[in-house]
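*Asks:* One structure is given below, represented as structure tokens, and several questions about it will come after.
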Amino acid sequence: MKHYNYIIIGAGIAGTNGAISIRKEAPEASIVLIGEEQYPVYSRVNIGKVASDAKSPEDLLLKTEEQFQAQNIERIITRVENLNSQNKTITLDNGEILAYDKVLVATGGRARRLSQVGSDLKGVFAFQTLDDAIGVRDYIRDKNKITIVGGGFIGIEFVELLSNLGKEVTLIIRDEWYWQGMIDQIGGNIINEYLAKRAKIYYESEIKEIRGNQIGEISEIELNSGEIIPTEAMCVGIGLELNKDFLPSELCNRCLKVNQYLQSGDENIFGAGDIVEYYDILQEQYIGSGTWAQASLQGMIAGYNMVHTEAMKEFSLIPAYCPKTSLAIAFVGQCRLNPETMQSIVIEQGDRYVQVNTNADGKIIGGVVIGDSAYMGTIRKWIVEKLKLDEIITQA
Ligand SMILES: Cc1cc2nc3c(=O)[nH]c(=O)nc-3n(C[C@H](O)[C@H](O)[C@H](O)COP(=O)(O)OP(=O)(O)OC[C@H]3O[C@@H](n4cnc5c(N)ncnc54)[C@H](O)[C@@H]3O)c2cc1C
């Protein structure tokens with residue numbers, strides 16, 4: 001059985017940065033980076049530019065195979081089927097077993113699929129990988145009527161990309177307004193207005209069935225309301241399912257839980273990127289990952305900590321996310337609203353819309369800004385300084 005000092009599972013930005021960081025700290029160690037996708041790490045956040053043909057797939061690549069070879073980081077392109085924490089081994093797709101001293105889990109998530117009849121027709125796309133983007137680009141070239149499903153980051157970016165290409169765009173969302181779970185209705189109306197210039201929108205709508213033509217291509221969608229939408233292609237952005245099936249259930253229930261050092265309940269297993277929920281020392285609670293910056297920095301710190309277990313560094317970062325839209329929108333800190341534990345208050349609603357989110361003690365833990373994304377720095381500062389709502393209102 002082949003043995004490595006460090007095995008990294010998942011070769012996105014978190015896993016790749018983990019491997020590079022380990023190599024820097026442990027020049028002699030044996031390292032293998034295992035990933036399912038055929039490409040070396042690429043800018044996942046920009047795959048929309050490939051779908052809209054503004055960039056080539058090669059433009060997005062962040063590393064070459066030669067660079068990994070030069071750093072003596074072995075690459076295996078395959079799927080990991082199992083991690084056995086007792087034996088300290090992993091099993092690859094072909095049945096081969098590899099042994100590790102330490103392992104970094106950085107497997108992110110895959111796009112959630114629709115379950116309705118017809119969701120496997122040609123022209124129905126999920127959107128998570130470079131291959132998805134290439135598939136969309138090639139398919140929509142000669143298509144005009146495109147439907148987008150989902151009220152999140154991918155949906156809104158797609159509306160802008162495809163409407164800029166001159167496509168006739170339809171958007172289907174479940175909620176009464178866009179990002180209803182994150183933005184108050186006043187902010188939601190600003191987003192709705194922006195979207196209405198680019199797409200025909202069906203709010204509070206669910207898909208009943210997707211139908212195809214004689215050659216198995218999508219041709220129309222029926223909503224629960226009975227309305228029929230003629231459609232030549234469909235892009236689905238309804239969230240992520242984490243890639244955790246290969247992990248022992250005692251370590252990974254909803255996601256891989258790690259401490260502030262990105263170390264899991266097993267001292268030899270570390271985690272980074274979208275797959276983890278980490279203990280945040282600033283906010284004094286576990287928070288989920290889901291941004292490029294978190295994944296990137298977590299990879300670096302996890303790699304460092306895997307080598308220096310006696311002097312580990314803490315990871316802490318207030319996450320921020322700005323969708324790539326012409327309307328400036330920024331989410332900072334905790335934004336998924338939970339009415340039982342959080343309150344959200346709109347403190348500005350003129351040219352600039354500012355919503356702050358507080359915990360039960362009134363401490364600021366997140367916020368949303370529309371119309372001035374630079375202002376997210378101010379919200380971030382409030383979170384770091386652990387200010388309460390009445391303190392910032394006094395300051396203002
Ligand atoms: C279209 C799009 C736009 C985005 N835009 C933004 C943005 O503007 N700003 C922002 O902050 N974030 C954005 N994100 C989110 C950001 O891309 C992710 O947070 C980040 O890529 C997570 O990195 P990761 O390394 O944790 O996981 P991933 O990038 O998902 O990489 C995980 C890798 O592990 C592989 N893998 C999974 N399971 C296995 C297995 N069992 N065996 C082997 N390999 C496996 C996967 O194939 C994948 O290559 C966007 C995401 C998408 C899809």
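Residue numbering restarts at 1 in every chain; chains get A, B, ... in the order shown in the structure tokens, and ligands count up from 1 in that same order.
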So which residues of range 27-161 of chain A fall under strand (DSSP E or B) by DSSP, listed as a PyMOL selection string?
*Replies:* chain A and resi 31-35+42+61+74-77+80-84+89-92+97-105+109-111+122+124-126+145-149
*Asks:* May I have a table of the residues of chain A lying at most 7 Å from ligand 1, giving each one's closest pair of atoms and their distance in Å to one decimal, counting only C-alpha atoms and all ligand atoms, ordered by chain and ascending residue number, as a tab-separated table?
*Replies:*
residue	atom	partner	partner_atom_place_in_ligand_line	distance
A:Ile9	CA	ligand 1	43 (C)	5.5
A:Gly10	CA	ligand 1	34 (O)	3.3
A:Ala11	CA	ligand 1	33 (C)	4.9
A:Gly12	CA	ligand 1	31 (O)	3.6
A:Ile13	CA	ligand 1	25 (O)	4.1
A:Ala14	CA	ligand 1	25 (O)	3.8
A:Gly15	CA	ligand 1	25 (O)	5.6
A:Ile34	CA	ligand 1	43 (C)	5.6
A:Gly35	CA	ligand 1	44 (N)	3.6
A:Glu36	CA	ligand 1	44 (N)	4.0
A:Glu37	CA	ligand 1	47 (O)	4.9
A:Arg44	CA	ligand 1	17 (O)	4.7
A:Val45	CA	ligand 1	4 (C)	3.7
A:Asn46	CA	ligand 1	3 (C)	6.2
A:Ile47	CA	ligand 1	1 (C)	5.7
A:Gly48	CA	ligand 1	1 (C)	5.9
A:Thr78	CA	ligand 1	43 (C)	5.8
A:Arg79	CA	ligand 1	42 (N)	3.6
A:Val80	CA	ligand 1	42 (N)	3.8
A:Glu81	CA	ligand 1	41 (N)	5.8
A:Ala106	CA	ligand 1	26 (O)	5.4
A:Thr107	CA	ligand 1	34 (O)	3.6
A:Gly108	CA	ligand 1	27 (O)	3.5
A:Gly109	CA	ligand 1	30 (O)	5.0
A:Arg110	CA	ligand 1	30 (O)	6.8
A:Phe127	CA	ligand 1	53 (C)	6.0
A:Gln128	CA	ligand 1	53 (C)	4.0
A:Thr129	CA	ligand 1	53 (C)	6.6
A:Ile154	CA	ligand 1	1 (C)	5.6
A:Asn243	CA	ligand 1	38 (N)	4.8
A:Phe246	CA	ligand 1	41 (N)	6.2
A:Ala272	CA	ligand 1	26 (O)	6.2
A:Gly273	CA	ligand 1	26 (O)	3.2
A:Asp274	CA	ligand 1	26 (O)	4.0
A:Ile275	CA	ligand 1	26 (O)	6.1
A:Ser289	CA	ligand 1	19 (O)	7.0
A:Gly290	CA	ligand 1	19 (O)	4.1
A:Thr291	CA	ligand 1	11 (O)	3.5
A:Trp292	CA	ligand 1	11 (O)	3.8
A:Ala293	CA	ligand 1	11 (O)	5.7
A:Ala295	CA	ligand 1	26 (O)	4.9
A:Ala320	CA	ligand 1	11 (O)	6.8
A:Tyr321	CA	ligand 1	11 (O)	5.1
A:Cys322	CA	ligand 1	8 (O)	5.8
A:Pro323	CA	ligand 1	8 (O)	5.0
A:Lys324	CA	ligand 1	8 (O)	6.0
*Asks:* Write to file, as a short mmCIF file (atom, residue, chain, number, x, y, z; two decimals), in the first residue's frame, the residues of the selection just made, with N, CA and C atoms.
*Replies:*
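And here's result16.cif as it stands now:
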data_model
loop_
_atom_site.label_atom_id
_atom_site.label_comp_id
_atom_site.auth_asym_id
_atom_site.auth_seq_id
_atom_site.Cartn_x
_atom_site.Cartn_y
_atom_site.Cartn_z
N ILE A 9 -7.67 15.77 -0.29
CA ILE A 9 -8.81 15.30 -1.09
C ILE A 9 -9.61 16.51 -1.53
N GLY A 10 -9.68 16.72 -2.85
CA GLY A 10 -10.35 17.90 -3.40
C GLY A 10 -9.30 18.88 -3.88
N ALA A 11 -9.31 19.15 -5.20
CA ALA A 11 -8.24 19.98 -5.77
C ALA A 11 -8.76 21.32 -6.27
N GLY A 12 -9.74 21.88 -5.53
CA GLY A 12 -10.17 23.26 -5.80
C GLY A 12 -9.19 24.23 -5.14
N ILE A 13 -9.66 25.44 -4.87
CA ILE A 13 -8.74 26.44 -4.32
C ILE A 13 -8.31 26.07 -2.89
N ALA A 14 -9.22 25.51 -2.08
CA ALA A 14 -8.85 25.18 -0.70
C ALA A 14 -7.80 24.06 -0.68
N GLY A 15 -8.06 23.00 -1.43
CA GLY A 15 -7.14 21.86 -1.45
C GLY A 15 -5.80 22.23 -2.06
N ILE A 34 -5.54 15.00 -4.62
CA ILE A 34 -6.46 14.16 -5.40
C ILE A 34 -7.74 14.93 -5.70
N GLY A 35 -8.09 15.01 -6.96
CA GLY A 35 -9.30 15.75 -7.33
C GLY A 35 -10.00 15.05 -8.49
N GLU A 36 -11.30 15.19 -8.49
CA GLU A 36 -12.12 14.52 -9.48
C GLU A 36 -12.11 15.23 -10.83
N GLU A 37 -11.94 16.55 -10.80
CA GLU A 37 -12.03 17.31 -12.06
C GLU A 37 -10.72 17.18 -12.84
N ARG A 44 -13.15 29.27 -10.07
CA ARG A 44 -14.55 28.81 -10.14
C ARG A 44 -15.50 30.02 -10.16
N VAL A 45 -15.11 31.08 -9.48
CA VAL A 45 -16.01 32.25 -9.39
C VAL A 45 -16.24 32.89 -10.76
N ASN A 46 -15.38 32.59 -11.72
CA ASN A 46 -15.51 33.24 -13.03
C ASN A 46 -15.99 32.31 -14.14
N ILE A 47 -16.56 31.17 -13.78
CA ILE A 47 -16.98 30.25 -14.85
C ILE A 47 -18.12 30.84 -15.69
N GLY A 48 -18.85 31.80 -15.13
CA GLY A 48 -19.90 32.47 -15.90
C GLY A 48 -19.32 33.13 -17.15
N THR A 78 -8.95 11.60 -9.83
CA THR A 78 -9.93 10.53 -9.59
C THR A 78 -10.80 10.93 -8.40
N ARG A 79 -11.74 10.05 -8.11
CA ARG A 79 -12.65 10.29 -7.01
C ARG A 79 -12.22 9.46 -5.79
N VAL A 80 -12.30 10.05 -4.61
CA VAL A 80 -12.05 9.28 -3.39
C VAL A 80 -13.39 8.73 -2.92
N GLU A 81 -13.43 7.41 -2.69
CA GLU A 81 -14.71 6.76 -2.34
C GLU A 81 -14.89 6.60 -0.85
N ALA A 106 -11.08 18.79 1.40
CA ALA A 106 -11.43 20.09 0.78
C ALA A 106 -12.29 19.82 -0.44
N THR A 107 -13.37 19.08 -0.23
CA THR A 107 -14.14 18.57 -1.37
C THR A 107 -15.34 19.45 -1.75
N GLY A 108 -15.54 20.56 -1.08
CA GLY A 108 -16.57 21.52 -1.51
C GLY A 108 -17.94 20.88 -1.69
N GLY A 109 -18.67 21.36 -2.70
CA GLY A 109 -20.02 20.83 -2.94
C GLY A 109 -20.29 20.67 -4.42
N ARG A 110 -21.41 20.03 -4.71
CA ARG A 110 -21.84 19.89 -6.11
C ARG A 110 -23.20 20.58 -6.24
N PHE A 127 -24.78 24.38 -12.48
CA PHE A 127 -23.71 25.31 -12.76
C PHE A 127 -22.71 25.36 -11.62
N GLN A 128 -21.71 24.50 -11.69
CA GLN A 128 -20.73 24.46 -10.60
C GLN A 128 -19.30 24.30 -11.12
N THR A 129 -19.17 23.66 -12.28
CA THR A 129 -17.82 23.33 -12.75
C THR A 129 -17.52 24.00 -14.10
N ILE A 154 -26.02 32.47 -8.07
CA ILE A 154 -25.82 32.02 -9.45
C ILE A 154 -26.94 32.55 -10.33
N ASN A 243 -19.97 17.53 -0.76
CA ASN A 243 -19.36 16.26 -1.17
C ASN A 243 -18.77 15.58 0.06
N PHE A 246 -18.09 10.25 1.37
CA PHE A 246 -16.97 9.34 1.63
C PHE A 246 -16.43 9.46 3.06
N ALA A 272 -11.03 22.29 4.97
CA ALA A 272 -10.97 23.68 4.47
C ALA A 272 -11.96 23.86 3.33
N GLY A 273 -12.49 25.07 3.23
CA GLY A 273 -13.36 25.42 2.10
C GLY A 273 -14.82 25.14 2.36
N ASP A 274 -15.59 25.05 1.29
CA ASP A 274 -17.05 24.95 1.39
C ASP A 274 -17.54 23.77 2.23
N ILE A 275 -16.73 22.72 2.33
CA ILE A 275 -17.17 21.52 3.06
C ILE A 275 -17.24 21.74 4.58
N SER A 289 -18.69 27.89 5.69
CA SER A 289 -17.89 28.53 4.65
C SER A 289 -18.73 28.57 3.39
N GLY A 290 -18.28 29.30 2.40
CA GLY A 290 -19.04 29.35 1.14
C GLY A 290 -18.52 30.44 0.23
N THR A 291 -17.36 31.01 0.60
CA THR A 291 -16.80 32.04 -0.29
C THR A 291 -15.39 31.64 -0.70
N TRP A 292 -14.97 32.24 -1.80
CA TRP A 292 -13.65 31.99 -2.37
C TRP A 292 -12.56 32.39 -1.37
N ALA A 293 -12.73 33.55 -0.74
CA ALA A 293 -11.68 34.04 0.17
C ALA A 293 -11.54 33.12 1.38
N ALA A 295 -12.26 29.88 1.49
CA ALA A 295 -11.66 28.61 1.04
C ALA A 295 -10.16 28.78 0.81
N ALA A 320 -17.29 37.80 3.09
CA ALA A 320 -18.02 38.81 2.30
C ALA A 320 -18.24 38.25 0.91
N TYR A 321 -19.33 38.64 0.28
CA TYR A 321 -19.66 38.10 -1.04
C TYR A 321 -20.30 39.21 -1.86
N CYS A 322 -19.72 39.51 -3.00
CA CYS A 322 -20.31 40.51 -3.90
C CYS A 322 -20.63 39.82 -5.21
N PRO A 323 -21.91 39.60 -5.53
CA PRO A 323 -22.20 38.97 -6.82
C PRO A 323 -21.71 39.85 -7.96
N LYS A 324 -21.37 39.18 -9.08
CA LYS A 324 -20.81 39.93 -10.21
C LYS A 324 -21.96 40.50 -11.07
#
*Asks:* Per residue of range 109-214 of chain A within 7 Å of range 229-240 of chain A, what are the shortest atom pair and its distance in Å to one decimal, counting only C-alpha atoms, with rows by chain and residue number, as JSON lines?
*Replies:*
{"residue": "A:Gly109", "atom": "CA", "partner": "A:Leu240", "partner_atom": "CA", "distance": 5.5}
{"residue": "A:Arg110", "atom": "CA", "partner": "A:Leu240", "partner_atom": "CA", "distance": 5.4}
{"residue": "A:Ala111", "atom": "CA", "partner": "A:Leu240", "partner_atom": "CA", "distance": 4.8}
{"residue": "A:Arg112", "atom": "CA", "partner": "A:Leu240", "partner_atom": "CA", "distance": 5.1}
{"residue": "A:Gly123", "atom": "CA", "partner": "A:Ala233", "partner_atom": "CA", "distance": 4.7}
{"residue": "A:Val124", "atom": "CA", "partner": "A:Met234", "partner_atom": "CA", "distance": 4.8}
{"residue": "A:Phe125", "atom": "CA", "partner": "A:Cys235", "partner_atom": "CA", "distance": 4.8}
{"residue": "A:Ala126", "atom": "CA", "partner": "A:Val236", "partner_atom": "CA", "distance": 5.0}
{"residue": "A:Phe127", "atom": "CA", "partner": "A:Gly237", "partner_atom": "CA", "distance": 6.5}
{"residue": "A:Ile140", "atom": "CA", "partner": "A:Ala233", "partner_atom": "CA", "distance": 6.8}
{"residue": "A:Lys143", "atom": "CA", "partner": "A:Glu232", "partner_atom": "CA", "distance": 6.1}
{"residue": "A:Asn144", "atom": "CA", "partner": "A:Glu232", "partner_atom": "CA", "distance": 6.8}
{"residue": "A:Lys145", "atom": "CA", "partner": "A:Thr231", "partner_atom": "CA", "distance": 5.2}
{"residue": "A:Ile146", "atom": "CA", "partner": "A:Ala233", "partner_atom": "CA", "distance": 4.9}
{"residue": "A:Thr147", "atom": "CA", "partner": "A:Met234", "partner_atom": "CA", "distance": 4.7}
{"residue": "A:Ile148", "atom": "CA", "partner": "A:Cys235", "partner_atom": "CA", "distance": 4.9}
{"residue": "A:Val149", "atom": "CA", "partner": "A:Val236", "partner_atom": "CA", "distance": 4.8}
{"residue": "A:Gly150", "atom": "CA", "partner": "A:Ile238", "partner_atom": "CA", "distance": 4.9}
{"residue": "A:Gly152", "atom": "CA", "partner": "A:Gly237", "partner_atom": "CA", "distance": 6.9}
{"residue": "A:Ile154", "atom": "CA", "partner": "A:Gly237", "partner_atom": "CA", "distance": 5.5}
{"residue": "A:Gly155", "atom": "CA", "partner": "A:Gly237", "partner_atom": "CA", "distance": 5.6}
*Asks:* Mind pulling up the distance from CA of Glu176 in chain A to CA of Tyr202 in chain A?
*Replies:* 9.3 Å
*Asks:* One decimal, in Å: what's the spacing between CA of Pro248 in chain A and CA of Phe315 in chain A?
*Replies:*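 Going from CA of Pro248 in chain A over to CA of Phe315 in chain A, I get 24.0 Å.
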*Asks:* Which residue gives the smallest distance to Ala99 in chain A among A:Thr170, A:Asn17, A:Asn5, A:Thr64, with only C-alpha atoms counted?
*Replies:*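 Ranked by minimum distance to Ala99 in chain A, first place goes to A:Asn5.
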*Asks:* Which residues come within 9 Å of Glu209 in chain A, counting only C-alpha atoms, excluding same-chain residues fewer than 6 positions away, as a list in words?
*Replies:*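 Answer for this query is Gln116, Val117, Gly118, Ser119, Glu220, Ile221, Glu222, Leu223 and Asn224 of chain A.
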*Asks:* Produce a file of the selected residues containing C-alpha atoms, as a PDB file, in the first residue's frame.
*Replies:*
ATOM      1  CA  GLN A 116     -38.952  17.091 -11.393  1.00  0.00           C
ATOM      2  CA  VAL A 117     -39.796  14.952 -14.409  1.00  0.00           C
ATOM      3  CA  GLY A 118     -37.696  16.150 -17.352  1.00  0.00           C
ATOM      4  CA  SER A 119     -34.765  17.500 -15.349  1.00  0.00           C
ATOM      5  CA  GLU A 220     -41.116  23.933 -22.309  1.00  0.00           C
ATOM      6  CA  ILE A 221     -41.656  24.185 -18.565  1.00  0.00           C
ATOM      7  CA  GLU A 222     -44.953  23.855 -16.780  1.00  0.00           C
ATOM      8  CA  LEU A 223     -45.313  25.718 -13.476  1.00  0.00           C
ATOM      9  CA  ASN A 224     -47.531  24.585 -10.605  1.00  0.00           C
TER      10      ASN A 224
END
*Asks:* Between A:Leu195, A:Lys167, A:Gln294, A:Ser249, which residue has the minimum interatomic distance to Leu262 in chain A, considering only C-alpha atoms?
*Replies:* A:Gln294
*Asks:* Which polymer residues have any atom within 6 Å of an atom of Tyr353 in chain A, counting only C-alpha atoms, with same-chain residues fewer than 4 positions away left out, as a list in words?
*Replies:*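 Contacts, in chain order: Glu348, Gln349, Val369 and Ile370 of chain A.
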*Asks:* Do you know which residues are at most 6 Å from range 22-25 of chain A counting only C-alpha atoms, after dropping those on the same chain fewer than 2 positions away, and could you put them as a short mmCIF file (atom, residue, chain, number, x, y, z; two decimals) with N, CA and C atoms, in the first residue's frame?
*Replies:*
data_model
loop_
_atom_site.label_atom_id
_atom_site.label_comp_id
_atom_site.auth_asym_id
_atom_site.auth_seq_id
_atom_site.Cartn_x
_atom_site.Cartn_y
_atom_site.Cartn_z
N ALA A 19 -2.09 22.13 -0.30
CA ALA A 19 -0.92 21.38 -0.79
C ALA A 19 0.30 22.30 -0.90
N ILE A 20 0.08 23.51 -1.42
CA ILE A 20 1.20 24.44 -1.61
C ILE A 20 1.76 24.88 -0.26
N PRO A 27 9.45 20.75 3.20
CA PRO A 27 10.06 20.56 1.87
C PRO A 27 10.28 19.08 1.49
N GLY A 303 -3.04 23.87 5.79
CA GLY A 303 -1.76 23.26 5.36
C GLY A 303 -0.67 23.55 6.38
N TYR A 304 -0.60 24.80 6.80
CA TYR A 304 0.42 25.20 7.79
C TYR A 304 0.22 24.39 9.08
#
*Asks:* Which of these residues is nearest to Met312 in chain A, using only C-alpha atoms: A:Gln283, A:Ser163, A:Ser56, A:Asn259?
*Replies:* A:Asn259
*Asks:* Enter the distance from CA of Ile31 in chain A to CA of Ile8 in chain A, in Å, rounded to one decimal.
*Replies:*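 Going from CA of Ile31 in chain A over to CA of Ile8 in chain A, I get 7.7 Å.
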*Asks:* Would you mind writing down, as a ChimeraX atom specification, each residue of range 72-169 of chain A that DSSP on the backbone assigns to alpha helix (DSSP H)?
*Replies:* /A:130-140,153-164
*Asks:* Which residue, A:Asn213, A:Glu193, A:Leu247, A:Leu121, has the smallest gap to Thr91 in chain A when you use only C-alpha atoms?
*Replies:*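 Using only C-alpha atoms, the shortest distance to Thr91 in chain A belongs to A:Leu247.
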*Asks:* Of the candidates A:Ile364, A:Leu161, A:Leu104, A:Leu62, which shows the shortest atom-to-atom distance to Ile383 in chain A, using only C-alpha atoms?
*Replies:*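 Of all the options, A:Ile364 lies closest to Ile383 in chain A.
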